[in-house]
Structures are given as structure tokens and as C-alpha cells.
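Structure, as C-alpha cells:
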Amino acid sequence: MDLILFGPAGAGKGTQAKFLVERFALPQVSTGDMMRAERASGSELGHKFDEYMSKGLLVPDELVFELLEKGLDAAGSKGVIFDGFPRTVPQAKVLDEVLAKRGRKMDHVVSMEVPLSDIVDRITGRRTCQGCGQVYHVRYNPPPADGKCASCGGSELIQRKDDTEEVVTRRFEEYKAKTEPVLGYYQAKGLATSIEGVGDLDEVYKRIKAAIGQ
Ligand code: AMP
């Protein structure tokens with residue numbers, strides 16, 4: 001199964017992707033996580049990513065494509081939970097081509113709808129594991145008292161540097177202008193289902209499973 005969790009930053013894609021990874025034993029491909037790993041490695045590509053990421057701008061498609069095949073190769077052939085990718089219509093088209101080359105096609109696109117008023121609150125309270133990418137929230141999904149990740153057993157939790165109010169606003173503008181049209185692309189193919197991304201984590205998870213017929 002190939003599945004896209006779609007929605008703006010703060011919709012809960014990363015959190016729900018982790019649940020789906022566990023339930024369906026599928027790998028997650030998050031271009032954001034891959035870019036942060038590249039940045040942490042200090043590579044030239046990582047520096048280029050950072051120029052855009054730190055400002056809340058989308059990384060240009062050509063640079064994103066450099067990661068895509070690498071991510072899919074590492075993910076194996078059973079399918080993927082895509083989180084934060086594709087973010088532009090050209091990315092969606094290339095993904096279709098790359099999947100077709102591998103004898104696959106996109107199965108489901110689940111769009112997580114969350115009002116803007118909730119997004120800033122969610123993102124600014126977010127804490128992310130540097131080791132495994134697990135996401136916590138200081139109030140809604142509090143991290144363990146020792147400040148270490150419970151999921152991977154002890155990596156440091158940090159506030160991402162693009163999780164500030166100013167950068168979040170820019171990211172949302174980018175989403176509206178360049179990413180939202182991707183939903184239309186998949187709606188035209190009859191693949192997209194919208195669910196409410198607000199409420200209890202378990203409730204949202206159940207909505208996602210229902211949207212994909214599970
Ligand atoms: P995320 O972790 O998915 O919220 O992504 C963090 C940042 O990485 C975004 O604000 C973009 O700057 C960049 N980014 C991640 N994935 C993509 C993508 N598919 N296309 C363009 N930029 C991306």
C-alpha cells in the first residue's frame with residue numbers, strides 16, 4: 001500500500017504516520033526528516049536545504065527529487081507512508097512516474113483538515129525527537145518527565161528551529177499557494193479523502209483507518 005498523509009505543517013501527519021508505520025509495518029518517507037538528516041550531516045546539499053527550511057520556504061523541486069529515489073530505495077517494495085511529500089503538483093507527477101517504474105501506484109491520499117487557529121498552537125508546543133522523529137506536544141501529548149524520547153529509548157527532544165510562530169506563518173502561506181493544489185490533483189484521480197484532524201489522537205487515527213478502508 002502506498003499512502004500519502006496530506007495537510008499543512010501541524011496537521012498531525014508525522015504523529016499519525018508513526019501509528020500507521022507500526023500498524024501496517026510499512027516504512028515512512030518524510031522528505032522533511034531526510035532533509036534534516038542531510039543538514040545534520042553537514043553536507044553541501046544539507047546547507048542548500050537549510051537556506052529554504054529555516055525561512056519556512058519550500059525547497060525547490062529539483063533538490064527534492066535528489067532525495068526521492070534514495071528514500072524509495074531505502075524503503076523497499078511493500079509500499080510507503082508518505083509524510084510531507086509531495087508538496088507541489090510537479091512533485092506529485094514525478095512521484096506517480098517513479099512509482100509506475102516500480103510497478104506501483106498511489107493507493108490513498110488522506111487529507112488532514114485542521115483550522116489555522118489550532119496550527120500555530122500545535123507547532124509552537126511541538127517537541128521532536130532528534131533520534132527517531134517522534135513528535136510530542138508540551139500539553140496534548142507530553143514527553144516523558146526526563147525529557148528523553150520514550151519511543152526510541154532516550155534520544156534528546158528538541159524544538160525545531162522552524163517551529164517558531166514567524167516561520168510557521170510563512171510555511172502556511174507556502175502550503176496554501178503551492179501545496180494545496182496537490183489535493184486537487186489527487187481528487188481528480190478519485191484518490192483523496194478528507195478527514196477532521198482535530199480531536200483525540202486515537203479518534204483521528206480511527207478516521208484515517210476508515211478513510212483507507214481498514
Ligand atoms: P516538514 O518536516 O515536513 O514540516 O518539512 C520541513 C521543511 O522542509 C519545510 O518547511 C520545507 O522547507 C522543507 N521540505 C520538506 N519536504 C519538502 C518537500 N517535499 N518539498 C519542498 N520542501 C520540503
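Letters A, B, ... mark the chains of the C-alpha cells in the order given; residue numbers begin at 1 per chain; ligand numbers begin at 1, in order shown.
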Report as a PyMOL selection string all protein, DNA and RNA residues lying within 8 Å of stretch 197-208 of chain A, evaluated on only C-alpha atoms, omitting residues in the same chain fewer than 6 positions from it.
chain A and resi 11-12+16+19+110+112-114
All strand (DSSP E) positions in stretch 29-190 of chain A, as a short mmCIF file (atom, residue, chain, number, x, y, z; two decimals) with N, CA and C atoms, in the first residue's frame:
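After the write, part-v3.cif holds the following:
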data_model
loop_
_atom_site.label_atom_id
_atom_site.label_comp_id
_atom_site.auth_asym_id
_atom_site.auth_seq_id
_atom_site.Cartn_x
_atom_site.Cartn_y
_atom_site.Cartn_z
N VAL A 29 8.24 7.65 4.60
CA VAL A 29 9.18 8.51 3.90
C VAL A 29 8.75 9.95 4.17
N SER A 30 9.58 10.65 4.92
CA SER A 30 9.33 12.06 5.22
C SER A 30 10.48 12.85 4.63
N ILE A 81 4.41 4.99 3.63
CA ILE A 81 3.57 6.06 4.17
C ILE A 81 4.34 7.36 3.90
N PHE A 82 3.83 8.17 2.99
CA PHE A 82 4.49 9.44 2.68
C PHE A 82 3.95 10.53 3.62
N ASP A 83 4.89 11.26 4.20
CA ASP A 83 4.52 12.30 5.17
C ASP A 83 5.26 13.59 4.77
N HIS A 108 -3.91 5.69 -1.68
CA HIS A 108 -4.78 6.58 -0.89
C HIS A 108 -4.08 7.89 -0.58
N VAL A 109 -4.87 8.96 -0.56
CA VAL A 109 -4.36 10.25 -0.08
C VAL A 109 -5.35 10.71 0.99
N VAL A 110 -4.87 10.83 2.22
CA VAL A 110 -5.75 11.24 3.31
C VAL A 110 -5.36 12.66 3.71
N SER A 111 -6.30 13.57 3.52
CA SER A 111 -6.04 14.97 3.83
C SER A 111 -6.55 15.28 5.23
N MET A 112 -5.63 15.73 6.08
CA MET A 112 -5.98 16.02 7.47
C MET A 112 -6.32 17.50 7.60
N GLU A 113 -7.60 17.77 7.90
CA GLU A 113 -8.06 19.16 7.95
C GLU A 113 -7.98 19.69 9.38
N ARG A 126 5.30 22.00 19.92
CA ARG A 126 5.79 20.70 19.46
C ARG A 126 7.23 20.46 19.91
N ARG A 127 7.51 19.22 20.30
CA ARG A 127 8.89 18.81 20.62
C ARG A 127 9.16 17.53 19.81
N THR A 128 10.31 17.50 19.16
CA THR A 128 10.60 16.42 18.22
C THR A 128 11.84 15.66 18.65
N CYS A 129 11.78 14.34 18.55
CA CYS A 129 12.94 13.51 18.91
C CYS A 129 14.02 13.64 17.83
N VAL A 135 7.06 12.71 17.53
CA VAL A 135 6.60 14.06 17.84
C VAL A 135 5.79 14.06 19.14
N TYR A 136 6.07 15.03 20.00
CA TYR A 136 5.31 15.23 21.24
C TYR A 136 4.76 16.65 21.24
N HIS A 137 3.85 16.92 22.18
CA HIS A 137 3.40 18.30 22.36
C HIS A 137 3.38 18.57 23.86
N LEU A 157 14.95 15.44 23.02
CA LEU A 157 13.83 16.10 22.35
C LEU A 157 14.17 17.57 22.16
N ILE A 158 13.85 18.09 20.98
CA ILE A 158 14.18 19.49 20.71
C ILE A 158 12.98 20.23 20.12
#
For this session: Name the residues in contact with A:Val98 at a cut-off of 10 Å, using only C-alpha atoms, excluding same-chain residues fewer than 6 positions from it; report them as a ChimeraX atom specification.
Result: /A:68-69,72,92,104-105
Hey, can you spit out that residue selection with N, CA, C and O atoms as an mmCIF file, in the first residue's frame?
data_model
loop_
_atom_site.group_PDB
_atom_site.id
_atom_site.type_symbol
_atom_site.label_atom_id
_atom_site.label_comp_id
_atom_site.auth_asym_id
_atom_site.auth_seq_id
_atom_site.Cartn_x
_atom_site.Cartn_y
_atom_site.Cartn_z
ATOM 1 N N LEU A 68 14.271 11.710 -3.486
ATOM 2 C CA LEU A 68 13.128 10.816 -3.646
ATOM 3 C C LEU A 68 13.524 9.368 -3.931
ATOM 4 O O LEU A 68 13.090 8.448 -3.212
ATOM 5 N N GLU A 69 14.342 9.161 -4.940
ATOM 6 C CA GLU A 69 14.700 7.782 -5.309
ATOM 7 C C GLU A 69 15.459 7.119 -4.156
ATOM 8 O O GLU A 69 15.264 5.945 -3.870
ATOM 9 N N LEU A 72 12.972 6.039 -1.608
ATOM 10 C CA LEU A 72 12.184 4.877 -2.048
ATOM 11 C C LEU A 72 13.046 3.615 -2.078
ATOM 12 O O LEU A 72 12.571 2.535 -1.723
ATOM 13 N N ALA A 92 4.118 15.668 -7.248
ATOM 14 C CA ALA A 92 3.117 14.596 -7.311
ATOM 15 C C ALA A 92 3.234 13.840 -8.629
ATOM 16 O O ALA A 92 3.143 12.606 -8.675
ATOM 17 N N ARG A 104 4.135 0.208 -9.202
ATOM 18 C CA ARG A 104 3.185 0.560 -8.139
ATOM 19 C C ARG A 104 2.396 1.795 -8.534
ATOM 20 O O ARG A 104 2.697 2.440 -9.519
ATOM 21 N N LYS A 105 1.363 2.091 -7.734
ATOM 22 C CA LYS A 105 0.643 3.354 -7.931
ATOM 23 C C LYS A 105 0.147 3.827 -6.569
ATOM 24 O O LYS A 105 0.045 3.025 -5.638
#
Within 9 Å of ligand 1, counting only C-alpha atoms and all ligand atoms: which residues, as JSON, numbers by chain?
{"A": [8, 9, 10, 13, 14, 30, 31, 32, 33, 34, 35, 36, 49, 50, 51, 52, 53, 54, 55, 56, 57, 58, 59, 60, 61, 63, 64, 65, 68, 83, 84, 85, 86, 87, 88, 91, 162, 163, 167, 168, 170, 171, 172, 174, 175, 179]}
Could you give me, as a PDB file with N, CA, C and O atoms, in the first residue's frame, the residues within 7 Å of stretch 130-134 of chain A, counting only C-alpha atoms and dropping anything in the same chain fewer than 6 positions from it?
ATOM      1  N   THR A  15       2.845  12.492  13.489  1.00  0.00           N
ATOM      2  CA  THR A  15       2.350  11.697  14.623  1.00  0.00           C
ATOM      3  C   THR A  15       1.552  10.501  14.124  1.00  0.00           C
ATOM      4  O   THR A  15       1.786   9.359  14.535  1.00  0.00           O
ATOM      5  N   SER A 151       9.943   6.604  22.670  1.00  0.00           N
ATOM      6  CA  SER A 151       9.756   5.717  21.538  1.00  0.00           C
ATOM      7  C   SER A 151      11.044   5.001  21.132  1.00  0.00           C
ATOM      8  O   SER A 151      11.044   3.805  20.851  1.00  0.00           O
ATOM      9  N   CYS A 152      12.164   5.741  21.106  1.00  0.00           N
ATOM     10  CA  CYS A 152      13.417   5.102  20.664  1.00  0.00           C
ATOM     11  C   CYS A 152      14.359   4.884  21.840  1.00  0.00           C
ATOM     12  O   CYS A 152      15.510   4.483  21.641  1.00  0.00           O
ATOM     13  N   SER A 155      16.681   9.358  23.039  1.00  0.00           N
ATOM     14  CA  SER A 155      17.282  10.493  22.341  1.00  0.00           C
ATOM     15  C   SER A 155      16.702  11.810  22.861  1.00  0.00           C
ATOM     16  O   SER A 155      15.618  11.855  23.439  1.00  0.00           O
ATOM     17  N   GLU A 156      17.443  12.862  22.602  1.00  0.00           N
ATOM     18  CA  GLU A 156      17.093  14.199  23.078  1.00  0.00           C
ATOM     19  C   GLU A 156      15.879  14.753  22.309  1.00  0.00           C
ATOM     20  O   GLU A 156      15.770  14.562  21.104  1.00  0.00           O
ATOM     21  N   LEU A 157      14.954  15.437  23.022  1.00  0.00           N
ATOM     22  CA  LEU A 157      13.830  16.097  22.348  1.00  0.00           C
ATOM     23  C   LEU A 157      14.167  17.570  22.158  1.00  0.00           C
ATOM     24  O   LEU A 157      14.672  18.208  23.072  1.00  0.00           O
ATOM     25  N   ILE A 158      13.854  18.089  20.984  1.00  0.00           N
ATOM     26  CA  ILE A 158      14.179  19.488  20.713  1.00  0.00           C
ATOM     27  C   ILE A 158      12.979  20.226  20.124  1.00  0.00           C
ATOM     28  O   ILE A 158      12.044  19.607  19.618  1.00  0.00           O
TER      29      ILE A 158
END
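Using only C-alpha atoms, the smallest distance between any of A:Met1, A:Val89, A:Ala211, A:Ala40 and A:Val21 comes from A:Met1.
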>> I'd like to know which residues of chain A are alpha helix (DSSP H) (by DSSP, run on the backbone); could you write them as a ChimeraX atom specification?
In response: /A:13-24,31-40,44-53,61-75,89-101,116-124,165-174,180-188,201-211
Mind writing the picked residues with C-alpha atoms as a CSV table (one decimal), in the first residue's frame?
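File part_6.csv, as written:
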chain,number,residue,atom,x,y,z
A,13,LYS,CA,0.9,13.9,9.8
A,14,GLY,CA,4.1,12.9,11.5
A,15,THR,CA,2.3,11.7,14.6
A,16,GLN,CA,-0.2,9.6,12.7
A,17,ALA,CA,2.4,8.3,10.3
A,18,LYS,CA,4.2,6.7,13.2
A,19,PHE,CA,1.0,4.9,14.2
A,20,LEU,CA,0.4,3.7,10.7
A,21,VAL,CA,4.0,2.5,10.3
A,22,GLU,CA,3.5,0.3,13.4
A,23,ARG,CA,0.1,-1.0,12.4
A,24,PHE,CA,0.9,-1.8,8.7
A,31,THR,CA,11.3,14.4,3.0
A,32,GLY,CA,11.5,16.9,5.9
A,33,ASP,CA,13.2,14.2,8.1
A,34,MET,CA,15.5,13.3,5.2
A,35,MET,CA,16.4,17.0,4.7
A,36,ARG,CA,17.1,17.4,8.5
A,37,ALA,CA,19.3,14.3,8.4
A,38,GLU,CA,21.2,15.7,5.4
A,39,ARG,CA,21.5,19.1,7.2
A,40,ALA,CA,22.9,17.4,10.3
A,44,GLU,CA,26.6,20.8,0.8
A,45,LEU,CA,23.1,19.6,-0.1
A,46,GLY,CA,22.1,19.9,3.5
A,47,HIS,CA,23.3,23.5,3.6
A,48,LYS,CA,21.2,24.2,0.5
A,49,PHE,CA,18.1,22.7,2.2
A,50,ASP,CA,18.7,24.8,5.2
A,51,GLU,CA,18.6,28.1,3.2
A,52,TYR,CA,14.9,27.4,2.5
A,53,MET,CA,13.8,25.4,5.5
A,61,ASP,CA,11.6,20.6,-6.6
A,62,GLU,CA,15.0,19.7,-8.3
A,63,LEU,CA,16.6,19.4,-4.9
A,64,VAL,CA,13.7,17.4,-3.5
A,65,PHE,CA,14.0,14.9,-6.4
A,66,GLU,CA,17.6,14.2,-5.4
A,67,LEU,CA,16.1,12.6,-2.2
A,68,LEU,CA,13.1,10.8,-3.6
A,69,GLU,CA,14.7,7.8,-5.3
A,70,LYS,CA,17.1,7.4,-2.4
A,71,GLY,CA,14.1,7.4,0.0
A,72,LEU,CA,12.2,4.9,-2.0
A,73,ASP,CA,15.2,2.6,-2.5
A,74,ALA,CA,15.7,2.5,1.3
A,75,ALA,CA,12.0,1.9,1.8
A,89,VAL,CA,2.0,19.4,-8.3
A,90,PRO,CA,5.3,18.7,-10.1
A,91,GLN,CA,6.4,16.5,-7.2
A,92,ALA,CA,3.1,14.6,-7.3
A,93,LYS,CA,3.6,13.9,-11.0
A,94,VAL,CA,7.2,12.8,-10.6
A,95,LEU,CA,6.1,10.5,-7.7
A,96,ASP,CA,3.5,8.9,-10.0
A,97,GLU,CA,6.2,8.2,-12.6
A,98,VAL,CA,8.7,6.9,-10.1
A,99,LEU,CA,6.1,4.6,-8.5
A,100,ALA,CA,5.0,3.4,-12.0
A,101,LYS,CA,8.6,2.5,-12.8
A,116,LEU,CA,-5.3,27.6,11.2
A,117,SER,CA,-6.1,28.7,14.7
A,118,ASP,CA,-5.0,25.3,16.0
A,119,ILE,CA,-1.9,25.0,13.9
A,120,VAL,CA,0.2,27.7,15.5
A,121,ASP,CA,-0.6,26.4,18.9
A,122,ARG,CA,0.3,22.9,17.9
A,123,ILE,CA,3.5,23.7,16.2
A,124,THR,CA,4.9,26.1,18.8
A,165,GLU,CA,5.4,31.5,15.1
A,166,GLU,CA,7.0,33.6,12.4
A,167,VAL,CA,8.3,30.7,10.4
A,168,VAL,CA,5.1,28.8,10.9
A,169,THR,CA,3.1,31.6,9.3
A,170,ARG,CA,5.4,31.6,6.2
A,171,ARG,CA,5.1,27.8,6.0
A,172,PHE,CA,1.3,28.0,6.0
A,173,GLU,CA,1.4,30.6,3.2
A,174,GLU,CA,3.6,28.3,1.1
A,180,GLU,CA,-3.0,22.7,-1.5
A,181,PRO,CA,-3.3,22.3,-5.3
A,182,VAL,CA,-1.8,18.9,-4.9
A,183,LEU,CA,-5.0,17.8,-3.3
A,184,GLY,CA,-6.9,18.8,-6.4
A,185,TYR,CA,-4.5,16.7,-8.4
A,186,TYR,CA,-5.4,13.6,-6.4
A,187,GLN,CA,-9.1,14.5,-6.1
A,188,ALA,CA,-9.3,14.4,-9.9
A,201,LEU,CA,-5.1,11.2,18.7
A,202,ASP,CA,-6.9,7.8,18.7
A,203,GLU,CA,-10.0,9.3,17.2
A,204,VAL,CA,-8.0,10.9,14.3
A,205,TYR,CA,-6.2,7.6,13.8
A,206,LYS,CA,-9.6,5.7,13.5
A,207,ARG,CA,-10.7,8.3,10.9
A,208,ILE,CA,-7.6,7.7,8.9
A,209,LYS,CA,-8.1,3.9,9.0
A,210,ALA,CA,-11.7,4.3,8.0
A,211,ALA,CA,-10.6,6.5,5.1
*Please identify all polymer residues within 6 Å of A:Asp2, counting only C-alpha atoms, omitting same-chain residues fewer than 3 positions from it, and present them as a ChimeraX atom specification.*
/A:79-80,106-107
Restricting to only C-alpha atoms, whichever of A:Ala177, A:Phe6, A:Leu26, A:Thr164 is closest to A:Ile195 is A:Phe6
Can you work out the spacing between atom CA of A:Ile212 and atom CA of A:Gly76 in Å, to one decimal?
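Distance reported for this atom pair: 21.2 Å.
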What separates atom CA of A:Gly125 and atom CA of A:Pro143 is a distance of 11.1 Å
Closest of A:Cys149, A:Val138, A:Ala25, A:Ile4 to A:Leu191, counting only C-alpha atoms, is A:Ile4
